[in-house]
Amino acid sequence: MAKKPQPGTIASNRKARHDYLVLDTVEAGVVLVGTEVKSLRLGRASLVDSFATIDDGEVWLRGLHIAEYAFGTWTNHTPRRVRKLLLHRREIDKLALRVHEGGLSLVPLSMYFADGRVKVELALVKGKKSWDKRASLATRDAEREIARAFSNHIKGRRR
């Protein structure tokens, strides 16, 4: 059963939490053009293949797909253009240091509206190996079984 998105959530990258170990998260603003915002209000975005890079002291979001606005004219945007992320200088320096020295990556986890502005939850991640993925699936299944057994016990059911 699919999870319901939280109010204000535009898109989320659920596969990222499966493929990567999330070490740290930071909220960043996104520089957008008008038709991109209109398309985002319709919920037409995908974070599946997106990632962030740090070039010349600036953070750029690459691979983010925002569908063209259906009612746009010649002013419509390019769906997969590179978009600038807005962070404080100290945050950028800290992320750049950890990415370059630790072999880590920057991956967006979710995109949402906060006070009328589009924000991206950017995560500093480390790739998981296949056995890590299996272990996390096994722990999640075990936790689900425990919760189910506890719920049945509370309700007075027996199996």
# chains A, B, ... in the order shown; residues from 1 in each chain; ligands from 1
call {"tool": "residues_around", "arguments": {"residues": "range 28-42 of chain A", "least_positions_apart": "4", "cutoff": "8 Å", "atoms": "only C-alpha atoms", "output": "JSON, numbers by chain"}}
result
{"A": [10, 66, 67, 68, 69, 70, 72, 75, 76, 77, 83, 84, 85, 86, 87, 117, 118, 119, 120, 121, 122]}
call {"tool": "closest_residue", "arguments": {"among": "A:Glu91, A:Thr78, A:Ala138, A:Asp24", "to": "Gly57 in chain A", "atoms": "only C-alpha atoms"}}
result
A:Glu91
call {"tool": "select_by_dssp", "arguments": {"residues": "chain A", "states": "alpha helix (DSSP H)", "output": "PyMOL selection string"}}
result
chain A and resi 14-19+34-41+89-102+130-155
call {"tool": "closest_atom_pairs", "arguments": {"of": "range 63-139 of chain A", "to": "range 46-56 of chain A", "cutoff": "7 Å", "atoms": "only C-alpha atoms", "output": "tab-separated table"}}
result
residue	atom	partner	partner_atom	distance
A:Gly63	CA	A:Ser50	CA	4.2
A:Leu64	CA	A:Ser50	CA	4.9
A:His65	CA	A:Ser46	CA	5.2
A:Ile66	CA	A:Ser46	CA	6.6
A:Ala96	CA	A:Ile54	CA	6.6
A:Leu106	CA	A:Ala52	CA	5.2
A:Val107	CA	A:Phe51	CA	4.6
A:Pro108	CA	A:Phe51	CA	6.3
call {"tool": "select_by_dssp", "arguments": {"residues": "range 56-114 of chain A", "states": "strand (DSSP E)", "output": "ChimeraX atom specification"}}
result
/A:58-62,65-66,83-86,105-114
call {"tool": "write_last_selection", "arguments": {"atoms": "N, CA, C and O atoms", "output": "PDB file, in the first residue's frame"}}
result
ATOM      1  N   GLU A  58      29.134  26.539  -5.330  1.00  0.00           N
ATOM      2  CA  GLU A  58      27.681  26.590  -5.468  1.00  0.00           C
ATOM      3  C   GLU A  58      27.155  25.170  -5.599  1.00  0.00           C
ATOM      4  O   GLU A  58      27.805  24.301  -6.170  1.00  0.00           O
ATOM      5  N   VAL A  59      25.939  24.952  -5.081  1.00  0.00           N
ATOM      6  CA  VAL A  59      25.326  23.624  -5.135  1.00  0.00           C
ATOM      7  C   VAL A  59      24.303  23.617  -6.265  1.00  0.00           C
ATOM      8  O   VAL A  59      23.446  24.497  -6.348  1.00  0.00           O
ATOM      9  N   TRP A  60      24.400  22.593  -7.134  1.00  0.00           N
ATOM     10  CA  TRP A  60      23.525  22.470  -8.298  1.00  0.00           C
ATOM     11  C   TRP A  60      22.781  21.153  -8.239  1.00  0.00           C
ATOM     12  O   TRP A  60      23.365  20.116  -7.952  1.00  0.00           O
ATOM     13  N   LEU A  61      21.497  21.195  -8.529  1.00  0.00           N
ATOM     14  CA  LEU A  61      20.654  20.005  -8.565  1.00  0.00           C
ATOM     15  C   LEU A  61      20.527  19.549 -10.015  1.00  0.00           C
ATOM     16  O   LEU A  61      20.050  20.297 -10.871  1.00  0.00           O
ATOM     17  N   ARG A  62      20.963  18.325 -10.273  1.00  0.00           N
ATOM     18  CA  ARG A  62      20.983  17.796 -11.636  1.00  0.00           C
ATOM     19  C   ARG A  62      20.038  16.599 -11.740  1.00  0.00           C
ATOM     20  O   ARG A  62      19.870  15.857 -10.785  1.00  0.00           O
ATOM     21  N   HIS A  65      13.465  16.152 -12.755  1.00  0.00           N
ATOM     22  CA  HIS A  65      12.523  16.303 -13.864  1.00  0.00           C
ATOM     23  C   HIS A  65      11.282  17.026 -13.375  1.00  0.00           C
ATOM     24  O   HIS A  65      10.559  16.525 -12.517  1.00  0.00           O
ATOM     25  N   ILE A  66      11.056  18.220 -13.914  1.00  0.00           N
ATOM     26  CA  ILE A  66       9.815  18.964 -13.685  1.00  0.00           C
ATOM     27  C   ILE A  66       9.136  19.066 -15.043  1.00  0.00           C
ATOM     28  O   ILE A  66       9.672  19.685 -15.969  1.00  0.00           O
ATOM     29  N   ARG A  83      19.442  23.105 -11.864  1.00  0.00           N
ATOM     30  CA  ARG A  83      18.860  24.133 -11.001  1.00  0.00           C
ATOM     31  C   ARG A  83      19.775  24.412  -9.818  1.00  0.00           C
ATOM     32  O   ARG A  83      20.331  23.499  -9.225  1.00  0.00           O
ATOM     33  N   LYS A  84      19.889  25.676  -9.467  1.00  0.00           N
ATOM     34  CA  LYS A  84      20.751  26.091  -8.369  1.00  0.00           C
ATOM     35  C   LYS A  84      20.026  25.913  -7.034  1.00  0.00           C
ATOM     36  O   LYS A  84      18.838  26.222  -6.918  1.00  0.00           O
ATOM     37  N   LEU A  85      20.745  25.408  -6.039  1.00  0.00           N
ATOM     38  CA  LEU A  85      20.200  25.278  -4.694  1.00  0.00           C
ATOM     39  C   LEU A  85      20.730  26.397  -3.828  1.00  0.00           C
ATOM     40  O   LEU A  85      21.896  26.799  -3.951  1.00  0.00           O
ATOM     41  N   LEU A  86      19.895  26.878  -2.933  1.00  0.00           N
ATOM     42  CA  LEU A  86      20.245  28.000  -2.077  1.00  0.00           C
ATOM     43  C   LEU A  86      20.572  27.506  -0.674  1.00  0.00           C
ATOM     44  O   LEU A  86      19.697  26.986   0.027  1.00  0.00           O
ATOM     45  N   SER A 105      27.915  11.285  -1.288  1.00  0.00           N
ATOM     46  CA  SER A 105      27.143  11.924  -2.353  1.00  0.00           C
ATOM     47  C   SER A 105      26.026  12.765  -1.755  1.00  0.00           C
ATOM     48  O   SER A 105      25.635  12.578  -0.608  1.00  0.00           O
ATOM     49  N   LEU A 106      25.485  13.657  -2.570  1.00  0.00           N
ATOM     50  CA  LEU A 106      24.339  14.474  -2.189  1.00  0.00           C
ATOM     51  C   LEU A 106      23.141  14.043  -3.025  1.00  0.00           C
ATOM     52  O   LEU A 106      23.185  14.102  -4.257  1.00  0.00           O
ATOM     53  N   VAL A 107      22.070  13.613  -2.343  1.00  0.00           N
ATOM     54  CA  VAL A 107      20.875  13.111  -3.027  1.00  0.00           C
ATOM     55  C   VAL A 107      19.653  13.798  -2.424  1.00  0.00           C
ATOM     56  O   VAL A 107      19.526  13.871  -1.202  1.00  0.00           O
ATOM     57  N   PRO A 108      18.731  14.305  -3.244  1.00  0.00           N
ATOM     58  CA  PRO A 108      17.499  14.877  -2.703  1.00  0.00           C
ATOM     59  C   PRO A 108      16.538  13.772  -2.255  1.00  0.00           C
ATOM     60  O   PRO A 108      16.327  12.804  -2.970  1.00  0.00           O
ATOM     61  N   LEU A 109      15.989  13.925  -1.060  1.00  0.00           N
ATOM     62  CA  LEU A 109      15.038  12.944  -0.535  1.00  0.00           C
ATOM     63  C   LEU A 109      13.598  13.343  -0.811  1.00  0.00           C
ATOM     64  O   LEU A 109      12.758  12.499  -1.091  1.00  0.00           O
ATOM     65  N   SER A 110      13.306  14.640  -0.690  1.00  0.00           N
ATOM     66  CA  SER A 110      11.942  15.083  -0.945  1.00  0.00           C
ATOM     67  C   SER A 110      11.942  16.537  -1.381  1.00  0.00           C
ATOM     68  O   SER A 110      12.898  17.278  -1.156  1.00  0.00           O
ATOM     69  N   MET A 111      10.841  16.923  -1.999  1.00  0.00           N
ATOM     70  CA  MET A 111      10.631  18.292  -2.445  1.00  0.00           C
ATOM     71  C   MET A 111       9.256  18.708  -1.956  1.00  0.00           C
ATOM     72  O   MET A 111       8.300  17.946  -2.079  1.00  0.00           O
ATOM     73  N   TYR A 112       9.170  19.897  -1.355  1.00  0.00           N
ATOM     74  CA  TYR A 112       7.916  20.311  -0.737  1.00  0.00           C
ATOM     75  C   TYR A 112       7.804  21.828  -0.711  1.00  0.00           C
ATOM     76  O   TYR A 112       8.779  22.537  -0.962  1.00  0.00           O
ATOM     77  N   PHE A 113       6.591  22.300  -0.423  1.00  0.00           N
ATOM     78  CA  PHE A 113       6.344  23.725  -0.261  1.00  0.00           C
ATOM     79  C   PHE A 113       6.418  24.075   1.217  1.00  0.00           C
ATOM     80  O   PHE A 113       5.829  23.389   2.056  1.00  0.00           O
ATOM     81  N   ALA A 114       7.149  25.137   1.538  1.00  0.00           N
ATOM     82  CA  ALA A 114       7.219  25.649   2.901  1.00  0.00           C
ATOM     83  C   ALA A 114       7.025  27.159   2.818  1.00  0.00           C
ATOM     84  O   ALA A 114       7.858  27.862   2.240  1.00  0.00           O
TER      85      ALA A 114
END
call {"tool": "residues_around", "arguments": {"residues": "Asp19 in chain A", "least_positions_apart": "2", "cutoff": "12 Å", "atoms": "only C-alpha atoms", "output": "number ranges by chain"}}
result
A: 13-17, 21-22, 48, 105, 107, 109, 125-134, 136-137
